[in-house]
file model26.csv (CSV, C-alpha atoms and all ligand atoms)
chain,number,residue,atom,x,y,z
A,19,MET,CA,-31.4,-59.9,85.7
A,20,LEU,CA,-28.5,-58.8,83.4
A,21,ARG,CA,-28.8,-60.6,80.1
A,22,ALA,CA,-26.8,-58.2,77.8
A,23,LEU,CA,-24.3,-55.5,77.6
A,24,ILE,CA,-24.9,-53.1,74.7
A,25,TRP,CA,-21.8,-51.2,73.6
A,26,ASP,CA,-21.4,-47.8,71.9
A,27,VAL,CA,-18.4,-47.7,69.6
A,28,ASP,CA,-16.8,-44.3,69.1
A,29,GLY,CA,-15.3,-43.1,72.4
A,30,THR,CA,-16.4,-46.2,74.2
A,31,LEU,CA,-14.8,-49.2,72.6
A,32,ALA,CA,-11.9,-47.0,71.4
A,33,GLU,CA,-10.8,-43.4,71.3
A,34,THR,CA,-11.6,-43.0,67.6
A,35,GLU,CA,-12.5,-39.4,67.3
A,36,ARG,CA,-9.5,-37.1,67.7
A,37,ASP,CA,-6.8,-39.1,65.9
A,38,GLY,CA,-9.1,-41.2,63.8
A,39,HIS,CA,-12.3,-39.7,62.4
A,40,ARG,CA,-11.1,-36.1,62.7
A,41,VAL,CA,-7.9,-36.7,60.9
A,42,ALA,CA,-9.7,-38.6,58.2
A,43,PHE,CA,-12.3,-35.8,57.8
A,44,ASN,CA,-9.4,-33.4,57.2
A,45,GLY,CA,-7.8,-35.8,54.7
A,46,ALA,CA,-11.1,-35.9,52.8
A,47,PHE,CA,-11.3,-32.1,52.7
A,48,GLU,CA,-7.8,-32.0,51.3
A,49,ALA,CA,-8.4,-34.7,48.8
A,50,LEU,CA,-11.4,-32.8,47.4
A,51,GLY,CA,-9.7,-29.4,47.4
A,52,VAL,CA,-12.0,-28.1,50.1
A,53,PRO,CA,-10.3,-25.5,52.2
A,54,TRP,CA,-11.8,-26.5,55.6
A,55,ARG,CA,-9.9,-28.2,58.4
A,56,TRP,CA,-11.2,-29.3,61.8
A,57,ASP,CA,-8.7,-28.7,64.6
A,58,VAL,CA,-8.9,-30.6,67.8
A,59,ASP,CA,-11.0,-28.1,69.7
A,60,ALA,CA,-13.3,-27.3,66.8
A,61,TYR,CA,-14.0,-31.0,66.3
A,62,GLY,CA,-14.9,-31.4,69.9
A,63,ARG,CA,-17.6,-28.7,69.5
A,64,LEU,CA,-18.8,-30.4,66.3
A,65,LEU,CA,-19.2,-33.7,68.1
A,66,ARG,CA,-22.4,-32.4,69.5
A,67,VAL,CA,-23.8,-33.3,66.1
A,68,ALA,CA,-24.0,-37.1,65.9
A,69,GLY,CA,-23.2,-38.7,62.5
A,70,GLY,CA,-20.3,-37.7,60.3
A,71,TYR,CA,-22.5,-36.8,57.3
A,72,GLU,CA,-24.8,-34.7,59.5
A,73,ARG,CA,-21.7,-33.0,61.1
A,74,ILE,CA,-20.3,-31.9,57.7
A,75,LEU,CA,-23.7,-30.5,56.7
A,76,HIS,CA,-23.9,-28.7,60.0
A,77,ASP,CA,-20.5,-27.2,59.6
A,78,MET,CA,-21.3,-26.0,56.0
A,79,ALA,CA,-24.1,-23.8,57.4
A,80,SER,CA,-21.4,-21.4,58.7
A,81,ARG,CA,-19.0,-21.6,55.7
A,82,ALA,CA,-19.1,-18.9,53.2
A,83,GLU,CA,-17.5,-21.1,50.6
A,84,ALA,CA,-20.1,-23.9,50.9
A,85,PRO,CA,-22.2,-24.6,47.9
A,86,ALA,CA,-25.3,-22.4,47.6
A,87,SER,CA,-28.0,-25.0,47.1
A,88,GLN,CA,-29.0,-27.7,49.5
A,89,PRO,CA,-28.8,-30.5,46.9
A,90,GLU,CA,-25.2,-29.5,46.1
A,91,ARG,CA,-24.3,-29.3,49.8
A,92,GLU,CA,-25.7,-32.8,50.4
A,93,ALA,CA,-23.8,-34.2,47.4
A,94,LEU,CA,-20.6,-32.7,48.6
A,95,ALA,CA,-21.2,-33.9,52.2
A,96,ARG,CA,-21.9,-37.4,50.9
A,97,GLU,CA,-18.7,-37.5,48.9
A,98,LEU,CA,-16.6,-36.1,51.8
A,99,HIS,CA,-18.1,-38.6,54.1
A,100,ARG,CA,-17.4,-41.5,51.8
A,101,ARG,CA,-13.8,-40.4,51.4
A,102,LYS,CA,-13.5,-39.8,55.2
A,103,ASN,CA,-14.7,-43.4,55.9
A,104,ALA,CA,-12.2,-44.9,53.4
A,105,LEU,CA,-9.3,-43.0,55.1
A,106,TYR,CA,-10.6,-43.9,58.6
A,107,GLU,CA,-11.0,-47.6,57.7
A,108,ALA,CA,-7.5,-47.7,56.2
A,109,HIS,CA,-6.1,-46.1,59.4
A,110,VAL,CA,-7.7,-48.5,61.8
A,111,ALA,CA,-7.2,-51.5,59.6
A,112,ALA,CA,-3.4,-50.8,59.9
A,113,GLY,CA,-3.8,-51.0,63.7
A,114,GLY,CA,-3.9,-47.2,64.2
A,115,ILE,CA,-6.4,-47.3,67.1
A,116,ALA,CA,-6.5,-49.8,70.0
A,117,LEU,CA,-9.4,-50.7,72.2
A,118,ARG,CA,-9.7,-48.8,75.5
A,119,PRO,CA,-8.5,-50.5,78.7
A,120,GLY,CA,-10.8,-53.2,80.0
A,121,VAL,CA,-13.0,-53.4,76.9
A,122,ARG,CA,-11.7,-56.7,75.6
A,123,GLU,CA,-11.7,-58.2,79.1
A,124,LEU,CA,-15.3,-57.3,79.8
A,125,ILE,CA,-16.5,-58.6,76.4
A,126,ASP,CA,-14.6,-61.9,77.1
A,127,GLU,CA,-16.1,-62.0,80.6
A,128,CYS,CA,-19.6,-61.7,79.1
A,129,ILE,CA,-18.9,-64.5,76.7
A,130,ASP,CA,-17.6,-66.8,79.4
A,131,TRP,CA,-20.6,-66.2,81.6
A,132,GLY,CA,-23.3,-66.3,78.9
A,133,VAL,CA,-24.2,-62.6,79.0
A,134,MET,CA,-25.0,-61.4,75.5
A,135,THR,CA,-23.1,-58.5,73.9
A,136,ALA,CA,-24.4,-56.1,71.3
A,137,ILE,CA,-23.3,-52.9,69.5
A,138,ALA,CA,-25.5,-49.8,69.1
A,139,THR,CA,-23.7,-47.1,67.2
A,140,THR,CA,-24.2,-44.0,65.1
A,141,THR,CA,-21.3,-44.8,62.9
A,142,GLY,CA,-21.3,-47.0,59.8
A,143,ARG,CA,-20.8,-50.7,59.5
A,144,GLY,CA,-17.6,-50.4,57.5
A,145,ASN,CA,-16.0,-48.3,60.3
A,146,VAL,CA,-17.0,-50.8,63.0
A,147,ASP,CA,-15.8,-53.7,60.9
A,148,ALA,CA,-12.4,-52.2,60.3
A,149,LEU,CA,-11.9,-51.2,64.0
A,150,LEU,CA,-13.0,-54.6,65.4
A,151,ARG,CA,-11.4,-56.7,62.7
A,152,ALA,CA,-8.0,-55.0,63.6
A,153,ASN,CA,-8.5,-55.4,67.3
A,154,LEU,CA,-10.5,-58.7,67.8
A,155,GLY,CA,-9.7,-60.6,64.6
A,156,GLU,CA,-11.6,-61.4,61.4
A,157,HIS,CA,-14.3,-63.3,63.4
A,158,TRP,CA,-15.0,-60.4,65.7
A,159,GLU,CA,-18.7,-60.5,64.9
A,160,SER,CA,-19.1,-63.9,66.5
A,161,ARG,CA,-18.6,-62.1,69.9
A,162,PHE,CA,-21.7,-60.0,69.4
A,163,ARG,CA,-25.3,-61.2,69.2
A,164,ALA,CA,-26.5,-58.0,67.5
A,165,VAL,CA,-24.6,-55.3,65.7
A,166,VAL,CA,-26.7,-52.1,65.0
A,167,CYS,CA,-25.0,-49.4,63.0
A,168,ALA,CA,-26.0,-46.3,61.1
A,169,GLU,CA,-27.3,-48.4,58.2
A,170,ASP,CA,-29.7,-50.2,60.5
A,171,ALA,CA,-30.7,-47.2,62.6
A,172,PRO,CA,-30.6,-44.0,60.5
A,173,ARG,CA,-32.0,-41.8,63.2
A,174,LYS,CA,-28.8,-40.8,65.0
A,175,LYS,CA,-28.3,-40.6,68.8
A,176,PRO,CA,-29.8,-39.0,70.9
A,177,ASP,CA,-32.7,-40.8,69.2
A,178,PRO,CA,-33.1,-44.2,70.8
A,179,GLN,CA,-33.6,-46.0,67.6
A,180,ALA,CA,-30.3,-47.9,67.7
A,181,TYR,CA,-30.8,-49.0,71.2
A,182,ARG,CA,-34.4,-50.1,70.6
A,183,LEU,CA,-33.4,-52.1,67.6
A,184,ALA,CA,-30.5,-53.7,69.6
A,185,LEU,CA,-33.0,-54.8,72.3
A,186,GLN,CA,-35.4,-56.1,69.7
A,187,ARG,CA,-32.6,-58.2,68.0
A,188,LEU,CA,-31.4,-59.5,71.4
A,189,GLY,CA,-35.0,-60.4,72.3
A,190,ILE,CA,-34.8,-58.9,75.7
A,191,GLU,CA,-36.5,-56.1,77.7
A,192,ALA,CA,-34.7,-52.8,78.5
A,193,ASP,CA,-34.3,-53.6,82.2
A,194,GLU,CA,-32.3,-56.7,81.3
A,195,ALA,CA,-29.5,-54.7,79.6
A,196,ILE,CA,-26.8,-52.2,80.5
A,197,ALA,CA,-25.6,-49.8,77.9
A,198,ILE,CA,-22.0,-48.6,77.9
A,199,GLU,CA,-21.6,-45.0,76.5
A,200,ASP,CA,-19.2,-42.1,76.5
A,201,SER,CA,-21.3,-39.2,75.2
A,202,PRO,CA,-24.2,-37.1,76.4
A,203,ASN,CA,-26.1,-37.9,73.1
A,204,GLY,CA,-25.4,-41.6,73.7
A,205,LEU,CA,-26.6,-41.5,77.3
A,206,VAL,CA,-29.8,-39.8,76.3
A,207,ALA,CA,-30.4,-42.3,73.6
A,208,ALA,CA,-29.9,-45.3,75.9
A,209,ARG,CA,-32.0,-43.8,78.7
A,210,ALA,CA,-34.8,-43.0,76.2
A,211,ALA,CA,-34.8,-46.7,75.3
A,212,GLY,CA,-35.1,-47.4,79.1
A,213,ILE,CA,-31.6,-48.9,79.5
A,214,ALA,CA,-29.5,-48.3,82.5
A,215,THR,CA,-26.2,-46.8,81.3
A,216,LEU,CA,-22.6,-46.9,82.5
A,217,VAL,CA,-20.6,-44.0,81.2
A,218,THR,CA,-16.9,-44.5,80.5
A,219,ARG,CA,-15.6,-41.0,80.0
A,220,SER,CA,-13.7,-40.4,76.8
A,221,ALA,CA,-11.3,-37.6,75.9
A,222,TYR,CA,-13.9,-35.3,74.2
A,223,PHE,CA,-16.6,-35.7,76.8
A,224,ALA,CA,-14.5,-35.9,80.0
A,225,ASP,CA,-16.0,-32.8,81.5
A,226,CYS,CA,-19.6,-33.3,80.6
A,227,ALA,CA,-22.4,-33.9,83.1
A,228,PHE,CA,-23.9,-37.3,82.8
A,229,ASP,CA,-27.1,-37.0,84.9
A,230,GLY,CA,-29.1,-40.2,84.9
A,231,ALA,CA,-26.1,-42.6,84.4
A,232,LEU,CA,-26.0,-45.7,86.5
A,233,ALA,CA,-22.4,-44.9,87.2
A,234,GLU,CA,-19.4,-43.1,85.6
A,235,CYS,CA,-15.8,-44.3,85.3
A,236,ASP,CA,-12.6,-43.0,83.7
A,237,ASP,CA,-12.2,-46.3,82.0
A,238,LEU,CA,-13.3,-49.8,82.6
A,239,ALA,CA,-10.0,-51.0,83.9
A,240,SER,CA,-9.4,-48.1,86.4
A,241,PRO,CA,-9.5,-49.2,90.0
A,242,ALA,CA,-10.6,-45.7,91.1
A,243,PRO,CA,-14.0,-45.0,92.8
A,244,LEU,CA,-16.8,-44.5,90.3
A,245,ARG,CA,-19.2,-41.6,90.5
A,246,SER,CA,-22.7,-42.9,90.9
A,247,SER,CA,-26.0,-41.6,92.2
A,248,VAL,CA,-27.4,-45.1,92.4
A,249,VAL,CA,-24.7,-47.1,94.2
A,250,ARG,CA,-22.5,-45.7,96.9
A,251,GLY,CA,-18.9,-46.7,97.3
A,252,ALA,CA,-18.7,-48.3,93.8
A,253,ARG,CA,-15.1,-48.9,92.7
A,254,GLY,CA,-13.5,-50.1,89.5
A,255,PRO,CA,-12.4,-52.0,87.7
A,256,VAL,CA,-15.8,-52.6,86.2
A,257,SER,CA,-16.6,-56.3,86.1
A,258,LEU,CA,-19.7,-58.4,85.2
A,259,ARG,CA,-20.3,-58.9,88.9
A,260,SER,CA,-20.3,-55.2,89.7
A,261,LEU,CA,-22.6,-54.5,86.7
A,262,ARG,CA,-25.0,-57.2,87.9
A,263,GLU,CA,-25.0,-55.7,91.4
A,264,TRP,CA,-25.6,-52.2,90.2
A,265,LEU,CA,-28.4,-53.2,87.9
A,266,ALA,CA,-30.1,-55.1,90.7
A,267,PHE,CA,-29.6,-52.2,93.0
A,268,ALA,CA,-31.0,-49.7,90.5
A,269,ALA,CA,-34.0,-52.0,89.9
A,270,GLY,CA,-34.6,-52.1,93.6
A,271,GLY,CA,-34.9,-48.3,93.9
A,272,GLY,CA,-31.3,-47.3,94.3
A,273,TRP,CA,-29.4,-45.9,97.2
A,274,ALA,CA,-32.1,-43.6,98.5
A,275,ALA,CA,-34.6,-46.5,98.7
A,276,CYS,CA,-32.5,-48.6,101.1
A,277,GLY,CA,-31.7,-46.0,103.6
A,278,GLY,CA,-28.0,-46.1,103.0
A,279,ARG,CA,-27.4,-49.7,103.9
A,280,ALA,CA,-25.7,-50.5,100.6
A,281,GLU,CA,-22.4,-48.7,101.1
A,282,GLY,CA,-19.7,-50.6,99.3
A,283,VAL,CA,-22.0,-52.3,96.8
A,284,GLY,CA,-19.9,-52.8,93.7
A,285,ALA,CA,-16.7,-52.6,95.6
A,286,SER,CA,-16.0,-56.3,95.2
A,287,GLN,CA,-13.9,-57.1,92.3
A,288,GLY,CA,-12.6,-60.0,90.4
A,289,ASN,CA,-15.3,-62.5,91.3
A,290,ARG,CA,-18.5,-63.0,89.4
A,301,LIG,C1,-20.1,-41.4,67.1
A,301,LIG,C2,-20.5,-40.5,66.0
A,301,LIG,C3,-20.0,-40.8,64.7
A,301,LIG,C4,-18.5,-40.7,64.5
A,301,LIG,C5,-18.1,-40.7,63.1
A,301,LIG,O1,-20.9,-42.5,67.1
A,301,LIG,O2,-21.2,-39.5,66.3
A,301,LIG,O3,-20.6,-39.8,63.8
A,301,LIG,O4,-18.1,-39.4,65.0
A,301,LIG,O5,-18.7,-41.8,62.4
A,301,LIG,P1,-21.0,-43.5,68.4
A,301,LIG,P2,-19.5,-41.5,61.1
A,301,LIG,O6,-20.5,-42.9,69.6
A,301,LIG,O7,-22.5,-43.7,68.5
A,301,LIG,O8,-20.3,-44.8,68.0
A,301,LIG,O9,-18.7,-40.6,60.2
A,301,LIG,O10,-19.6,-42.9,60.4
A,301,LIG,O11,-20.8,-41.0,61.5
A,302,MG,MG,-19.7,-42.7,71.5
call {"tool": "encode", "arguments": {"input": "model26.csv", "output": "structure tokens"}}
result
Amino acid sequence: MLRALIWDVDGTLAETERDGHRVAFNGAFEALGVPWRWDVDAYGRLLRVAGGYERILHDMASRAEAPASQPEREALARELHRRKNALYEAHVAAGGIALRPGVRELIDECIDWGVMTAIATTTGRGNVDALLRANLGEHWESRFRAVVCAEDAPRKKPDPQAYRLALQRLGIEADEAIAIEDSPNGLVAARAAGIATLVTRSAYFADCAFDGALAECDDLASPAPLRSSVVRGARGPVSLRSLREWLAFAAGGGWAACGGRAEGVGASQGNR
């Protein structure tokens, strides 16, 4: 039975990377007189490294101008990351980044129907707070039963730590939840925690393979057919009803197990 939806943040709740974090990283480089800039394509490649601090350190490894010693590199990365977060938070607090289509509606549907919602993200709490305060209001946290951020789960995705902690705080088993993710690292993290995962493709990961996902959609509000190896004929928009059906179907062994009789499962919309 579906008891909780666990949301990723960056790329899933909102398209935060290209025009949010990336621009803020560049602002931090500039503010500290560091000559590096991350263009749109380069940042997409760097996104394979989860965690902004880890991403800076990774990038330094191929920069001739980077400090020589590891402690100096870490100190610079910490300061750059702190500045980046301040710039990012100011940008989203000013309404710079909206939620993706269908996100608010699905969260509200969960609340209406007593399905818990939680957050499991690699980013820091300040970033999450600024984004959701701007989009859901100052009491945004009352909509979520558990909010797990980088401070709570320092081992970044694809490590399942954030998802395991979210399950623990929700007090449920993995098969009672669905994760919503946008990245390969996020999918691996959620699956490693045993959670069925819906992928909502984001700009940077639009062309990635998402083997093992419960289903894949372009966004939660799109009426288009969803790609899924579990349910056949699934269509958007994604609703609580469709998620419940897909989870039940996955638990029952999936498409292969029922000899093809489930065509159209998930096609129903609007009703719960
Ligand atoms: C995405 C990330 C983060 C963000 C930047 O996290 O990997 O590192 O790019 O945020 P998720 P920080 O998809 O799990 O929300 O700089 O705070 O790490
Ligand atoms: Mg993400």
call {"tool": "closest_residue", "arguments": {"input": "model26.csv", "among": "A:Val52, A:Val249, A:Ile74, A:Val58", "to": "ligand LIG 301 (chain A)", "atoms": "all atoms listed in the file"}}
result
A:Ile74
call {"tool": "atom_distance", "arguments": {"input": "model26.csv", "atom1": "atom C2 of ligand LIG 301 (chain A)", "atom2": "CA of Ala171 (chain A)"}}
result
12.7 Å
call {"tool": "residues_near_ligand", "arguments": {"input": "model26.csv", "ligand": "ligand MG 302 (chain A)", "cutoff": "12 Å", "atoms": "only C-alpha atoms and all ligand atoms", "output": "ChimeraX atom specification"}}
result
/A:25-35,65-69,137-141,174-176,197-208,217-223
call {"tool": "closest_residue", "arguments": {"input": "model26.csv", "among": "A:Val110, A:Val133, A:Leu258, A:Ala46", "to": "Leu188 (chain A)", "atoms": "only C-alpha atoms"}}
result
A:Val133
call {"tool": "axis_aligned_box", "arguments": {"input": "model26.csv", "around": "ligand LIG 301 (chain A)", "padding_each_side": "6 Å", "output": "JSON"}}
result
{"center_x": -20.3, "center_y": -42.1, "center_z": 64.9, "size_x": 16.4, "size_y": 17.4, "size_z": 21.4}
call {"tool": "closest_residue", "arguments": {"input": "model26.csv", "among": "A:Phe267, A:Tyr181, A:Tyr106, A:Phe47", "to": "Asp147 (chain A)", "atoms": "all atoms listed in the file"}}
result
A:Tyr106
call {"tool": "atom_distance", "arguments": {"input": "model26.csv", "atom1": "CA of Ala210 (chain A)", "atom2": "CA of Ile190 (chain A)"}}
result
15.9 Å
call {"tool": "closest_residue", "arguments": {"input": "model26.csv", "among": "A:Leu149, A:Ala22, A:Val248, A:Glu97", "to": "Ile129 (chain A)", "atoms": "all atoms listed in the file"}}
result
A:Ala22
